[in-house]
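See structure below.
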Amino acid sequence: MAYKRARDRDGGDGLPLRPETTMFVKPVAAEALEPDLVVEQFTDSQVVAKCGGLCAKCHERVDVGCGGVDDAAFVWMVPLEKSHSATLENRLLVHKRCVG
């Protein structure tokens with residue numbers, strides 16, 4: 001109701017801006033913002049080739065597609081929350097048993 005009364009009183013379509021309700025925004029430096037996520041396209045087979053088919057934790061051969069605890073798992077070397085880099089360089093091959 002207050003909006004309608006103010007609109008009728010002022011003869012406009014909206015409420016006039018009052019100085020006490022005006023917002024001022026402080027500029028933010030570009031380096032204060034979080035960096036963009038860098039994304040690179042790659043396949044699991046490229047990760048296996050990069051790692052030579054060896055687990056990055058125990059350095060034993062990984063049997064890709066075998067199922068069970070000796071199957072392949074892919075993890076980030078540096079978590080995405082910290083690195084902002086979803087690239088082949090940041091991806092590792094490990095056994096499912098070695099994850100965690």
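Here's how to read the names in the structure tokens: chain A, B, ... by the order shown, residue numbers from 1 in each chain, ligand numbers from 1 in the order shown.
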*Determine, counting only C-alpha atoms, which protein, DNA and RNA residues have an atom within 12 Å of an atom of region 56-73 of chain A; residues of the same chain fewer than 4 positions away are not included. Present the result as number ranges by chain.*
A: 44-45, 47-52, 77, 90-100
Writer output for current selection, C-alpha atoms, as a tab-separated table (two decimals), in the first residue's frame:
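Result file follows (selection.tsv):
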chain	number	residue	atom	x	y	z
A	44	ASP	CA	41.35	-41.11	-19.18
A	45	SER	CA	43.61	-42.91	-21.67
A	47	VAL	CA	46.10	-39.76	-18.14
A	48	VAL	CA	47.12	-43.46	-18.21
A	49	ALA	CA	49.70	-42.72	-20.93
A	50	LYS	CA	51.05	-39.70	-19.02
A	51	CYS	CA	51.52	-41.81	-15.88
A	52	GLY	CA	52.96	-44.77	-17.81
A	77	MET	CA	47.29	-33.78	-7.89
A	90	ASN	CA	47.05	-31.89	-12.64
A	91	ARG	CA	45.43	-35.35	-13.14
A	92	LEU	CA	46.88	-38.56	-11.70
A	93	LEU	CA	46.25	-42.29	-12.12
A	94	VAL	CA	45.97	-44.35	-8.90
A	95	HIS	CA	44.50	-47.67	-7.77
A	96	LYS	CA	41.08	-47.53	-6.14
A	97	ARG	CA	42.74	-49.02	-3.04
A	98	CYS	CA	45.27	-46.17	-2.96
A	99	VAL	CA	42.67	-43.39	-3.01
A	100	GLY	CA	42.20	-41.69	0.34
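With only C-alpha atoms taken into account, the protein and nucleic acid residues at most 8 Å from Thr87 (chain A) (excluding it and anything under 6 positions from it in its own chain) are Val38, Val39, Glu40, Gln41 and Phe42 of chain A.
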Any chance you could export the current selection's N, CA and C atoms as a JSON list (two decimals), in the first residue's frame?
[["chain", "number", "residue", "atom", "x", "y", "z"],
["A", 38, "VAL", "N", 40.78, -22.98, -15.03],
["A", 38, "VAL", "CA", 41.39, -23.34, -16.31],
["A", 38, "VAL", "C", 40.99, -24.77, -16.61],
["A", 39, "VAL", "N", 40.33, -24.98, -17.75],
["A", 39, "VAL", "CA", 39.83, -26.31, -18.10],
["A", 39, "VAL", "C", 40.47, -26.74, -19.42],
["A", 40, "GLU", "N", 40.97, -27.97, -19.42],
["A", 40, "GLU", "CA", 41.59, -28.54, -20.61],
["A", 40, "GLU", "C", 40.90, -29.87, -20.90],
["A", 41, "GLN", "N", 40.63, -30.15, -22.16],
["A", 41, "GLN", "CA", 39.99, -31.41, -22.51],
["A", 41, "GLN", "C", 41.05, -32.51, -22.62],
["A", 42, "PHE", "N", 40.77, -33.64, -21.98],
["A", 42, "PHE", "CA", 41.65, -34.80, -22.07],
["A", 42, "PHE", "C", 40.84, -36.03, -21.72]]
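For the pair CA of Glu81 (chain A) and CA of Pro27 (chain A), the interatomic distance is 25.1 Å.
With only C-alpha atoms as the atoms that count, the minimum distance from Cys55 (chain A) to the choices A:Glu89, A:Leu80, A:Phe74, A:Asp36 is reached by A:Phe74.
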*Could you check how far CA of Val75 (chain A) sits from CA of Thr43 (chain A), in Å to one decimal?*
13.1 Å
*Nearest to Pro79 (chain A) among A:Leu37, A:Ala6, A:Met1, A:Val25, with distances taken over only C-alpha atoms: which residue is it?*
A:Leu37
*Pick the closest to Gln46 (chain A) from A:Val78, A:Arg7, A:Ala2, A:Leu88: which is it, counting only C-alpha atoms?*
A:Leu88
